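Okay, input-v5.tsv now, which holds TSV, C-alpha atoms:
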chain	number	residue	atom	x	y	z
A	1	MET	CA	-22.31	-1.07	-16.34
A	2	SER	CA	-23.68	-2.82	-19.40
A	3	ASN	CA	-21.95	-5.27	-21.64
A	4	ASN	CA	-21.56	-2.93	-24.61
A	5	VAL	CA	-18.79	-0.94	-22.92
A	6	SER	CA	-15.55	-1.73	-24.73
A	7	LEU	CA	-12.89	-3.69	-22.88
A	8	GLY	CA	-10.35	-0.89	-23.34
A	9	THR	CA	-12.67	1.57	-21.61
A	10	LEU	CA	-13.16	-0.90	-18.76
A	11	PHE	CA	-9.43	-1.29	-18.37
A	12	LYS	CA	-8.80	2.46	-18.31
A	13	ASN	CA	-11.73	2.92	-15.96
A	14	GLY	CA	-9.97	0.84	-13.31
A	15	ILE	CA	-6.80	2.89	-13.54
A	16	PHE	CA	-8.14	6.44	-13.95
A	17	GLY	CA	-11.91	6.94	-13.90
A	18	GLU	CA	-12.59	4.74	-10.90
A	19	ASN	CA	-9.17	4.38	-9.36
A	20	PRO	CA	-9.76	2.23	-6.25
A	21	VAL	CA	-7.79	4.43	-3.88
A	22	PHE	CA	-8.14	7.97	-5.21
A	23	ARG	CA	-11.59	7.75	-6.78
A	24	LEU	CA	-13.59	5.00	-5.11
A	25	ALA	CA	-11.73	5.66	-1.84
A	26	LEU	CA	-11.81	1.97	-0.97
A	27	SER	CA	-9.18	-0.07	0.88
A	28	LEU	CA	-7.62	3.03	2.34
A	29	CYS	CA	-6.34	1.26	5.46
A	30	PRO	CA	-3.88	-0.95	3.58
A	31	ALA	CA	-3.09	1.99	1.31
A	32	VAL	CA	-1.99	3.98	4.35
A	33	ALA	CA	-0.38	1.06	6.16
A	34	VAL	CA	1.99	-0.26	3.51
A	35	THR	CA	2.98	2.83	1.54
A	36	SER	CA	5.77	3.92	3.84
A	37	GLY	CA	8.08	2.82	1.02
A	38	VAL	CA	7.79	2.39	-2.74
A	39	LYS	CA	8.86	-1.23	-2.57
A	40	ASN	CA	6.23	-2.18	0.00
A	41	GLY	CA	3.54	-0.45	-2.03
A	42	PHE	CA	4.65	-2.23	-5.19
A	43	LEU	CA	4.68	-5.69	-3.61
A	44	MET	CA	1.29	-5.19	-2.03
A	45	GLY	CA	-0.08	-3.90	-5.33
A	46	VAL	CA	1.14	-6.96	-7.21
A	47	ALA	CA	-0.40	-9.29	-4.65
A	48	VAL	CA	-3.72	-7.46	-4.89
A	49	LEU	CA	-3.59	-7.52	-8.69
A	50	PHE	CA	-3.33	-11.33	-8.65
A	51	VAL	CA	-6.04	-11.93	-6.06
A	52	MET	CA	-8.38	-9.38	-7.59
A	53	THR	CA	-8.16	-10.95	-11.04
A	54	MET	CA	-8.62	-14.49	-9.76
A	55	THR	CA	-11.56	-13.55	-7.54
A	56	ASN	CA	-13.29	-11.60	-10.30
A	57	VAL	CA	-12.92	-14.53	-12.70
A	58	THR	CA	-14.22	-17.08	-10.19
A	59	VAL	CA	-17.15	-14.97	-9.07
A	60	SER	CA	-18.06	-14.28	-12.69
A	61	LEU	CA	-18.02	-18.00	-13.52
A	62	LEU	CA	-20.14	-18.88	-10.48
A	63	ARG	CA	-22.48	-15.88	-10.73
A	64	ASN	CA	-25.54	-17.94	-11.65
A	65	PHE	CA	-24.78	-20.53	-8.99
A	66	ILE	CA	-24.33	-18.22	-6.00
A	67	ASN	CA	-27.59	-17.45	-4.23
A	68	PRO	CA	-27.96	-13.65	-3.86
A	69	LYS	CA	-28.97	-14.06	-0.21
A	70	VAL	CA	-25.61	-15.57	0.74
A	71	ARG	CA	-23.43	-13.87	-1.83
A	72	ILE	CA	-21.17	-12.04	0.63
A	73	PRO	CA	-19.93	-15.18	2.47
A	74	SER	CA	-19.43	-16.82	-0.90
A	75	TYR	CA	-17.31	-13.93	-2.23
A	76	VAL	CA	-15.25	-13.71	0.93
A	77	PHE	CA	-14.62	-17.44	0.89
A	78	ILE	CA	-13.60	-17.38	-2.77
A	79	THR	CA	-11.15	-14.57	-2.02
A	80	ALA	CA	-9.82	-16.43	1.02
A	81	THR	CA	-9.31	-19.59	-1.06
A	82	TRP	CA	-7.24	-17.80	-3.68
A	83	VAL	CA	-5.25	-15.94	-1.07
A	84	THR	CA	-4.44	-19.20	0.73
A	85	VAL	CA	-3.51	-21.00	-2.48
A	86	ILE	CA	-1.22	-18.16	-3.57
A	87	ASP	CA	0.33	-18.00	-0.10
A	88	LEU	CA	1.02	-21.75	0.00
A	89	VAL	CA	2.37	-22.02	-3.53
A	90	MET	CA	4.55	-18.98	-3.13
A	91	SER	CA	6.00	-20.06	0.20
A	92	ALA	CA	7.01	-23.36	-1.37
A	93	TYR	CA	8.32	-22.37	-4.77
A	94	GLN	CA	9.22	-18.67	-4.57
A	95	ARG	CA	11.00	-18.33	-1.25
A	96	THR	CA	12.80	-15.08	-2.01
A	97	VAL	CA	9.68	-13.30	-3.23
A	98	TYR	CA	7.65	-14.80	-0.40
A	99	LYS	CA	10.01	-13.39	2.20
A	100	GLU	CA	9.26	-9.90	0.90
A	101	MET	CA	5.56	-10.32	0.16
A	102	GLY	CA	4.41	-12.92	2.68
A	103	LEU	CA	3.54	-10.18	5.15
A	104	TYR	CA	0.93	-8.69	2.87
A	105	ILE	CA	-0.72	-11.60	1.14
A	106	MET	CA	-2.85	-12.80	4.04
A	107	LEU	CA	-4.19	-9.29	4.65
A	108	ILE	CA	-5.85	-9.19	1.25
A	109	VAL	CA	-8.76	-11.40	2.33
A	110	ALA	CA	-10.40	-8.47	4.10
A	111	PHE	CA	-9.84	-5.82	1.43
A	112	ALA	CA	-12.94	-3.78	0.67
A	113	ILE	CA	-11.91	-3.22	-2.93
A	114	ILE	CA	-11.90	-6.92	-3.79
A	115	LEU	CA	-15.27	-7.58	-2.21
A	116	SER	CA	-16.74	-4.48	-3.83
A	117	ARG	CA	-15.55	-5.45	-7.33
A	118	ALA	CA	-17.00	-8.93	-6.90
A	119	GLU	CA	-20.30	-7.41	-5.79
A	120	MET	CA	-20.50	-4.46	-8.20
A	121	PHE	CA	-18.98	-5.95	-11.30
A	122	ALA	CA	-18.05	-9.61	-11.50
A	123	SER	CA	-21.39	-10.88	-10.22
A	124	LYS	CA	-23.21	-9.10	-13.04
A	125	ASN	CA	-20.83	-9.56	-15.96
A	126	LYS	CA	-19.42	-12.27	-18.21
A	127	LEU	CA	-15.99	-13.82	-17.82
A	128	LEU	CA	-13.95	-11.58	-20.15
A	129	PRO	CA	-15.18	-8.18	-18.92
A	130	SER	CA	-14.73	-9.37	-15.33
A	131	PHE	CA	-11.18	-10.43	-16.04
A	132	VAL	CA	-10.38	-7.06	-17.66
A	133	ASP	CA	-12.01	-5.22	-14.78
A	134	GLY	CA	-9.96	-7.21	-12.28
A	135	VAL	CA	-6.69	-6.45	-14.09
A	136	GLY	CA	-7.60	-2.77	-14.56
A	137	MET	CA	-8.63	-2.26	-10.95
A	138	GLY	CA	-5.62	-4.20	-9.71
A	139	LEU	CA	-3.28	-2.04	-11.79
A	140	GLY	CA	-5.08	1.09	-10.60
A	141	PHE	CA	-4.52	0.01	-7.01
A	142	LEU	CA	-0.88	-0.83	-7.73
A	143	LEU	CA	-0.22	2.56	-9.32
A	144	ALA	CA	-1.97	4.43	-6.50
A	145	LEU	CA	0.10	2.61	-3.88
A	146	MET	CA	3.31	3.31	-5.76
A	147	LEU	CA	2.44	6.99	-6.15
A	148	LEU	CA	1.80	7.27	-2.41
A	149	GLY	CA	4.93	5.25	-1.71
A	150	VAL	CA	7.17	7.50	-3.84
A	151	PHE	CA	5.75	10.60	-2.19
A	152	ARG	CA	6.02	9.33	1.38
A	153	GLU	CA	9.36	7.58	1.09
A	154	PHE	CA	10.94	10.63	-0.57
A	155	LEU	CA	9.70	13.03	2.07
A	156	GLY	CA	10.03	10.67	5.03
A	157	LYS	CA	13.36	9.01	4.34
A	158	GLY	CA	14.82	10.92	1.41
A	159	SER	CA	15.12	7.73	-0.60
A	160	PHE	CA	13.55	5.83	-3.49
A	161	TRP	CA	13.12	2.02	-3.36
A	162	GLY	CA	15.53	1.93	-0.44
A	163	VAL	CA	18.24	3.91	-2.29
A	164	GLN	CA	19.19	7.08	-0.47
A	165	ILE	CA	18.81	10.18	-2.67
A	166	LEU	CA	18.84	13.03	-0.18
A	167	PRO	CA	21.45	13.17	2.58
A	168	VAL	CA	18.75	14.02	5.16
A	169	LYS	CA	15.31	12.84	6.16
A	170	PRO	CA	13.18	15.91	5.38
A	171	LEU	CA	9.91	14.96	7.11
A	172	LEU	CA	10.11	11.84	9.26
A	173	ILE	CA	6.39	12.09	10.02
A	174	MET	CA	5.55	11.12	6.45
A	175	ILE	CA	6.47	7.48	7.01
A	176	MET	CA	4.43	7.30	10.21
A	177	PRO	CA	0.72	6.41	9.92
A	178	THR	CA	-0.15	10.08	10.44
A	179	GLY	CA	1.85	11.01	7.38
A	180	GLY	CA	-0.07	8.40	5.44
A	181	PHE	CA	-3.28	10.33	5.97
A	182	PHE	CA	-1.59	13.60	5.03
A	183	ALA	CA	-0.18	12.07	1.86
A	184	MET	CA	-3.50	10.47	0.96
A	185	GLY	CA	-5.45	13.70	1.43
A	186	LEU	CA	-2.95	15.84	-0.45
A	187	MET	CA	-2.72	13.36	-3.31
A	188	MET	CA	-6.50	12.98	-3.60
A	189	GLY	CA	-7.01	16.72	-3.59
A	190	TRP	CA	-4.26	17.25	-6.10
A	191	LEU	CA	-5.65	14.64	-8.49
A	192	ASN	CA	-9.16	16.12	-8.17
A	193	TRP	CA	-7.75	19.54	-8.93
A	194	ILE	CA	-6.03	18.22	-12.06
A	195	ASP	CA	-9.22	16.46	-13.09
A	196	ARG	CA	-11.33	19.61	-12.73
A	197	LYS	CA	-8.84	22.00	-14.22
A	198	PHE	CA	-7.77	20.02	-17.27
A	199	PHE	CA	-10.38	17.36	-17.93
A	200	GLY	CA	-13.54	19.07	-16.81
A	201	GLY	CA	-14.38	16.29	-14.35
A	202	THR	CA	-16.26	16.64	-11.12
A	203	GLY	CA	-13.76	14.98	-8.81
A	204	ALA	CA	-14.26	12.08	-6.48
A	205	SER	CA	-17.35	12.05	-4.38
A	206	SER	CA	-17.75	8.60	-2.86
A	207	GLY	CA	-16.10	7.31	0.30
A	208	GLY	CA	-15.41	4.03	2.01
A	209	HIS	CA	-12.94	2.47	4.35
B	210	MET	CA	-37.79	-25.27	4.26
B	211	LYS	CA	-37.20	-25.64	0.56
B	212	ASP	CA	-35.85	-22.09	0.43
B	213	ILE	CA	-33.39	-22.79	3.17
B	214	LEU	CA	-32.04	-25.77	1.27
B	215	LYS	CA	-31.84	-23.74	-1.93
B	216	ILE	CA	-29.74	-21.14	-0.18
B	217	THR	CA	-27.63	-23.47	1.90
B	218	LEU	CA	-26.69	-26.22	-0.52
B	219	PRO	CA	-24.85	-24.06	-3.09
B	220	LEU	CA	-23.05	-22.29	-0.26
B	221	VAL	CA	-22.00	-25.60	1.28
B	222	ALA	CA	-20.93	-26.81	-2.16
B	223	ILE	CA	-18.72	-23.73	-2.62
B	224	PHE	CA	-17.18	-24.15	0.84
B	225	VAL	CA	-16.50	-27.86	0.32
B	226	VAL	CA	-14.91	-27.36	-3.10
B	227	ALA	CA	-12.82	-24.45	-1.81
B	228	GLY	CA	-11.75	-26.56	1.17
B	229	ILE	CA	-10.67	-29.37	-1.12
B	230	ILE	CA	-8.71	-26.97	-3.34
B	231	MET	CA	-6.90	-25.56	-0.30
B	232	SER	CA	-6.09	-28.92	1.27
B	233	VAL	CA	-4.82	-30.37	-2.02
B	234	THR	CA	-2.58	-27.32	-2.47
B	235	TYR	CA	-1.32	-27.75	1.08
B	236	ARG	CA	-0.70	-31.48	0.54
B	237	TYR	CA	1.51	-30.84	-2.47
B	238	THR	CA	3.33	-27.72	-1.33
B	239	TYR	CA	4.10	-28.79	2.23
B	240	PRO	CA	7.05	-31.14	1.49
B	241	VAL	CA	8.64	-28.58	-0.83
B	242	ARG	CA	8.31	-25.83	1.75
B	243	TYR	CA	9.63	-28.03	4.54
B	244	GLN	CA	12.74	-28.89	2.52
B	245	ALA	CA	13.28	-25.26	1.53
B	246	GLU	CA	13.03	-24.09	5.14
B	247	LYS	CA	15.42	-26.75	6.35
B	248	LYS	CA	17.94	-25.84	3.68
B	249	GLU	CA	17.65	-22.14	4.49
B	250	LYS	CA	18.37	-22.82	8.13
B	251	GLU	CA	21.43	-24.89	7.31
B	252	GLU	CA	22.71	-22.19	4.99
B	253	ALA	CA	22.12	-19.52	7.62
B	254	LEU	CA	24.10	-21.58	10.14
B	255	LYS	CA	26.94	-22.07	7.69
B	256	GLU	CA	27.06	-18.33	7.06
B	257	MET	CA	27.26	-17.70	10.80
B	258	ALA	CA	30.28	-19.97	11.19
B	259	PRO	CA	32.54	-19.48	8.18
B	260	ASP	CA	35.56	-21.01	9.98
B	261	ALA	CA	33.89	-24.31	10.76
B	262	THR	CA	35.14	-27.26	8.77
B	263	ASP	CA	33.18	-30.01	10.52
B	264	PRO	CA	29.40	-30.22	10.22
B	265	ILE	CA	27.68	-27.95	12.72
B	266	LYS	CA	26.20	-29.96	15.58
B	267	VAL	CA	23.17	-29.21	17.70
B	268	ALA	CA	24.56	-28.91	21.22
B	269	GLY	CA	21.22	-28.76	23.02
B	270	THR	CA	18.01	-26.85	23.44
B	271	TRP	CA	17.10	-23.98	25.69
B	272	SER	CA	13.90	-22.10	26.29
B	273	ALA	CA	12.89	-18.48	26.64
B	274	ASP	CA	9.34	-17.11	26.84
B	275	ASN	CA	7.99	-20.68	26.82
B	276	LYS	CA	9.49	-21.35	23.42
B	277	SER	CA	12.20	-23.83	22.72
B	278	TYR	CA	15.33	-22.90	20.78
B	279	GLU	CA	18.44	-24.78	19.73
B	280	TYR	CA	22.06	-23.90	20.19
B	281	TYR	CA	24.98	-25.17	18.20
B	282	GLN	CA	28.68	-25.71	18.37
B	283	ALA	CA	30.76	-25.16	15.26
B	284	THR	CA	34.12	-26.90	15.23
B	285	ALA	CA	37.18	-27.06	12.98
B	286	GLY	CA	39.29	-30.18	13.44
B	287	GLY	CA	37.58	-30.91	16.76
B	288	LYS	CA	38.35	-27.49	18.22
B	289	PRO	CA	35.41	-25.14	18.83
B	290	VAL	CA	35.58	-22.04	16.64
B	291	GLU	CA	32.11	-20.67	17.17
B	292	TYR	CA	29.08	-20.98	19.40
B	293	ILE	CA	25.71	-20.21	17.85
B	294	ALA	CA	22.33	-19.86	19.49
B	295	GLU	CA	18.85	-19.46	18.13
B	296	THR	CA	16.95	-16.79	20.01
B	297	ALA	CA	14.04	-14.37	19.82
B	298	GLY	CA	12.97	-11.10	21.33
B	299	LYS	CA	9.59	-9.43	21.49
B	300	GLY	CA	9.55	-6.39	19.27
B	301	TYR	CA	6.69	-4.01	18.61
B	302	SER	CA	4.38	-6.32	16.68
B	303	SER	CA	6.11	-9.67	16.51
B	304	PHE	CA	8.75	-12.00	17.88
B	305	ILE	CA	12.02	-11.25	16.14
B	306	LYS	CA	13.80	-14.55	15.51
B	307	MET	CA	17.57	-14.39	15.35
B	308	LEU	CA	20.81	-16.34	15.25
B	309	VAL	CA	23.67	-15.08	17.39
B	310	SER	CA	27.21	-16.35	17.01
B	311	LEU	CA	30.01	-15.98	19.54
B	312	SER	CA	33.70	-16.48	19.05
B	313	PRO	CA	35.46	-18.73	21.64
B	314	ASP	CA	36.49	-15.63	23.66
B	315	MET	CA	32.76	-14.92	24.22
B	316	LYS	CA	32.58	-11.85	22.00
B	317	ILE	CA	29.70	-11.50	19.58
B	318	ARG	CA	30.72	-12.28	16.06
B	319	GLU	CA	27.44	-11.82	14.25
B	320	VAL	CA	23.72	-11.26	14.73
B	321	LYS	CA	21.39	-12.36	11.96
B	322	ILE	CA	17.64	-11.79	11.91
B	323	LEU	CA	15.80	-14.81	10.53
B	324	ASP	CA	12.20	-13.81	10.78
B	325	MET	CA	10.18	-10.82	11.94
B	326	ASN	CA	6.92	-8.99	11.39
B	327	GLU	CA	7.76	-5.46	12.44
B	328	THR	CA	6.16	-2.38	10.89
B	329	PRO	CA	7.42	-1.92	7.33
B	330	GLY	CA	9.38	1.32	7.05
B	331	LEU	CA	9.86	1.77	10.79
B	332	GLY	CA	10.49	-1.38	12.82
B	333	ASP	CA	12.14	-3.18	9.95
B	334	GLN	CA	15.01	-0.70	10.11
B	335	VAL	CA	16.59	-3.05	12.67
B	336	LEU	CA	17.45	-5.24	9.67
B	337	GLU	CA	19.89	-2.60	8.51
B	338	LYS	CA	23.60	-3.31	8.75
B	339	SER	CA	24.29	-0.09	10.60
B	340	PHE	CA	22.20	-1.36	13.53
B	341	LEU	CA	23.18	-5.03	13.55
B	342	ASP	CA	26.89	-4.34	13.10
B	343	GLN	CA	26.90	-2.55	16.46
B	344	PHE	CA	26.76	-5.95	18.16
B	345	LYS	CA	30.01	-7.16	16.62
B	346	GLY	CA	32.82	-7.59	19.12
B	347	LYS	CA	30.67	-6.71	22.12
B	348	VAL	CA	30.69	-8.75	25.34
B	349	LEU	CA	27.71	-9.59	27.57
B	350	SER	CA	28.01	-6.54	29.89
B	351	GLN	CA	28.01	-4.15	26.92
B	352	ILE	CA	24.70	-5.29	25.50
B	353	VAL	CA	22.56	-2.45	26.79
B	354	LEU	CA	20.21	-0.45	24.61
B	355	ILE	CA	20.76	3.31	24.72
B	356	LYS	CA	18.60	6.00	23.14
B	357	GLY	CA	21.31	8.29	21.91
B	358	GLU	CA	24.86	8.27	20.64
B	359	THR	CA	27.00	5.46	22.00
B	360	LYS	CA	30.02	3.45	20.97
B	361	GLU	CA	30.27	1.27	24.08
B	362	ASN	CA	26.68	0.00	24.01
B	363	ILE	CA	23.90	-0.51	21.49
B	364	GLN	CA	22.24	2.56	19.99
B	365	ALA	CA	18.50	2.23	19.30
B	366	VAL	CA	17.21	3.10	15.82
B	367	SER	CA	15.19	6.31	16.11
B	368	GLY	CA	11.53	5.58	15.46
B	369	ALA	CA	12.06	1.89	16.12
B	370	THR	CA	12.85	1.72	19.84
B	371	TYR	CA	10.61	-1.27	20.59
B	372	SER	CA	12.03	-3.30	17.74
B	373	SER	CA	15.59	-2.36	18.75
B	374	ARG	CA	14.81	-3.45	22.29
B	375	GLY	CA	13.42	-6.76	21.04
B	376	VAL	CA	16.63	-7.50	19.15
B	377	THR	CA	18.82	-6.42	22.05
B	378	ASN	CA	16.91	-8.52	24.61
B	379	GLY	CA	17.01	-11.57	22.35
B	380	VAL	CA	20.74	-11.21	21.77
B	381	LYS	CA	21.38	-10.69	25.46
B	382	ALA	CA	19.50	-13.86	26.42
B	383	ALA	CA	21.44	-15.87	23.84
B	384	VAL	CA	24.83	-14.51	24.92
B	385	GLN	CA	23.95	-15.15	28.57
B	386	LEU	CA	23.13	-18.75	27.74
B	387	LEU	CA	26.29	-19.38	25.74
B	388	VAL	CA	28.49	-17.74	28.39
B	389	ASP	CA	26.84	-19.92	31.07
B	390	LYS	CA	27.40	-23.05	29.00
B	391	TYR	CA	30.85	-22.44	27.57
B	392	GLY	CA	32.25	-19.32	29.27
B	393	ALA	CA	33.62	-21.18	32.31
B	394	GLY	CA	35.80	-23.45	30.19
B	395	ILE	CA	37.21	-20.44	28.41
B	396	LYS	CA	38.20	-18.74	31.65
B	397	THR	CA	40.11	-21.77	32.95
B	398	ALA	CA	41.81	-22.20	29.61
B	399	ALA	CA	42.93	-18.56	29.72
B	400	GLN	CA	44.24	-18.99	33.27
B	401	GLU	CA	46.25	-22.02	32.28
B	402	VAL	CA	47.92	-20.01	29.56
B	403	ALA	CA	48.67	-17.27	32.08
B	404	LYS	CA	50.50	-19.75	34.33
Please express what this file holds, its structure, as structure tokens.
Amino acid sequence: MSNNVSLGTLFKNGIFGENPVFRLALSLCPAVAVTSGVKNGFLMGVAVLFVMTMTNVTVSLLRNFINPKVRIPSYVFITATWVTVIDLVMSAYQRTVYKEMGLYIMLIVAFAIILSRAEMFASKNKLLPSFVDGVGMGLGFLLALMLLGVFREFLGKGSFWGVQILPVKPLLIMIMPTGGFFAMGLMMGWLNWIDRKFFGGTGASSGGH
Amino acid sequence: MKDILKITLPLVAIFVVAGIIMSVTYRYTYPVRYQAEKKEKEEALKEMAPDATDPIKVAGTWSADNKSYEYYQATAGGKPVEYIAETAGKGYSSFIKMLVSLSPDMKIREVKILDMNETPGLGDQVLEKSFLDQFKGKVLSQIVLIKGETKENIQAVSGATYSSRGVTNGVKAAVQLLVDKYGAGIKTAAQEVAK
């Protein structure tokens, strides 16, 4: 990506064109693991949004300083630093939020999507585009997790954000890990279908883990 | 040789700076977190013993699974109104830490989960009131986990059997301890009344 792409396009790209979960197919393990409920998906998404933005900004600032031969350890360590700082600050000053989110924050260190954005984007671009990319990708991830969460929680528990809507649990399997794969596949296929039918796109082609 | 230095030094610099950032953050957040945790524990204890008027005292420590826990005696005007024990049980993916309170007649008054790391959406269903309220009013011999409908015992949450078992085992150990420590006195007191 060159620098003459407008910031708005970059932002939208993170949410739609290159949505981390449905398009880039990155970080699928956390996307399956935490989306058994809308709330879990939302909290995880917010945590990722923060870390992603901070990592992108730092990597972008240090991009001329980091030696390409050891870039991966540098990126991982930068991510780990931000994750630790956020974890420590939150556990001290935001106890109530931490109790809900603490489970997820430490997992973010190993997320493929954060490493891949540092490698593909932030290491080659200036501060502002990297920041926008981080926010866009983070929001894209957040929305994808919430979409999966709504789908799975509704089918698996008959509820939304913990509030019971249906009197029964229609498909208990949807909140199990197995259901996560079903939901992911169905959702990806459905979004590709929409893309081809209405926007003339080609659908997602890449894959990751 | 020169290349190696060129590669290594910036990396070391990044690691050192990052290390300093983390340790400084730790240095300044640790006291705040320590205070907050202490306060939370006190509040949790107070919630467990609403009848207590005197400050809740640590009565001693006990150990289970090589970990040390505290137990407490809550009193009102010198008379014991509640016995509370810290306890934990091994669930599916974590130790579930709990507080269990007993009334003086050795019936469970409340079970409160302090900390756990069970699977979101499945194991964490043991946090729900419908599961925890089953313990209320039960005595030691009734604390048995059953997979299926039961009023006498404890019914496991479907899809969260391991986590349910963890809670049940933890509660059982705590009740056993409190009955051993204080149950005897209760029995003699009851007999005296009977005379």
Task: One-decimal distance in Å that lies between CA of Ala268 (chain B) and CA of Lys248 (chain B) - done: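 According to the coordinates, CA of Lys248 (chain B) and CA of Ala268 (chain B) are separated by 19.0 Å.
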- [ ] Would you mind reading off the distance between CA of Val48 (chain A) and CA of Ala369 (chain B), one decimal, in Å?
- [x]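 Computing the Euclidean distance for CA of Val48 (chain A) and CA of Ala369 (chain B) yields 27.9 Å.
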TODO: Provide the CA of Ala144 (chain A) to CA of Val21 (chain A) distance in Å, to one decimal place.
DONE: 6.4 Å
Enclose all atoms of region 326-337 of chain B listed in the file in an axis-aligned box, grow every side by 4 Å, and hand back centre and edge lengths in Å to one decimal, as JSON.
{"center_x": 13.0, "center_y": -3.6, "center_z": 9.9, "size_x": 21.7, "size_y": 18.8, "size_z": 13.8}
Task: region 271-277 of chain B surroundings by all atoms listed in the file, 12 Å radius, close-in-sequence under 2 positions cut, as a ChimeraX atom specification - done: /B:267-269,279-281,294-299,304,306,378-383,385-387,389-390
TODO: Give the residues of chain B that lie within 8 Å of chain A; count all atoms listed in the file, and format the answer as a ChimeraX atom specification.
DONE: /B:215-216,219-220,223-224,227-228,230-231,234-235,238-239,241-243,245,326,329-331
Show me the residues around (19.9, -0.8, 15.9) - criterion: an atom at most 9 Å away, all atoms listed in the file counted - as an mmCIF file with C-alpha atoms, in the coordinates of the input.
data_model
loop_
_atom_site.group_PDB
_atom_site.id
_atom_site.type_symbol
_atom_site.label_atom_id
_atom_site.label_comp_id
_atom_site.auth_asym_id
_atom_site.auth_seq_id
_atom_site.Cartn_x
_atom_site.Cartn_y
_atom_site.Cartn_z
ATOM 1 C CA GLN B 334 15.010 -0.700 10.110
ATOM 2 C CA VAL B 335 16.590 -3.050 12.670
ATOM 3 C CA LEU B 336 17.450 -5.240 9.670
ATOM 4 C CA GLU B 337 19.890 -2.600 8.510
ATOM 5 C CA LYS B 338 23.600 -3.310 8.750
ATOM 6 C CA SER B 339 24.290 -0.090 10.600
ATOM 7 C CA PHE B 340 22.200 -1.360 13.530
ATOM 8 C CA LEU B 341 23.180 -5.030 13.550
ATOM 9 C CA ASP B 342 26.890 -4.340 13.100
ATOM 10 C CA GLN B 343 26.900 -2.550 16.460
ATOM 11 C CA PHE B 344 26.760 -5.950 18.160
ATOM 12 C CA LEU B 354 20.210 -0.450 24.610
ATOM 13 C CA ILE B 363 23.900 -0.510 21.490
ATOM 14 C CA GLN B 364 22.240 2.560 19.990
ATOM 15 C CA ALA B 365 18.500 2.230 19.300
ATOM 16 C CA VAL B 366 17.210 3.100 15.820
ATOM 17 C CA SER B 367 15.190 6.310 16.110
ATOM 18 C CA ALA B 369 12.060 1.890 16.120
ATOM 19 C CA THR B 370 12.850 1.720 19.840
ATOM 20 C CA SER B 372 12.030 -3.300 17.740
ATOM 21 C CA SER B 373 15.590 -2.360 18.750
ATOM 22 C CA ARG B 374 14.810 -3.450 22.290
ATOM 23 C CA VAL B 376 16.630 -7.500 19.150
ATOM 24 C CA THR B 377 18.820 -6.420 22.050
#
TODO: Rank nothing, just name the residue among A:Lys12, A:Arg152, A:Arg23, A:Arg63 nearest to Pro177 (chain A), using only C-alpha atoms.
DONE: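 The closest residue to Pro177 (chain A) is A:Arg152.
Within the 6 Å cut-off around Ala118 (chain A), using all atoms listed in the file and omitting residues fewer than 4 positions from it on the same chain, the listed residues are Asn56, Ala122 and Ser123 of chain A.
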Task: Nearest to Leu145 (chain A) by atom-to-atom distance, counting only C-alpha atoms, from A:Met54, A:Gly14, A:Ser6, A:Met184 - done: A:Met184
Task: Polymer residues at most 7 Å from Ile293 (chain B), only C-alpha atoms, same-chain spacing of 5 or more positions, as a list in words - done: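 My list of contacting residues is Tyr280, Tyr281, Gln282, Leu308, Val309, Ser310 and Leu311 of chain B.
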Task: Option closest in space to Ile113 (chain A), from A:Thr178, A:Ser27, A:Gln164, A:Ser130 [counting only C-alpha atoms] - done: A:Ser27
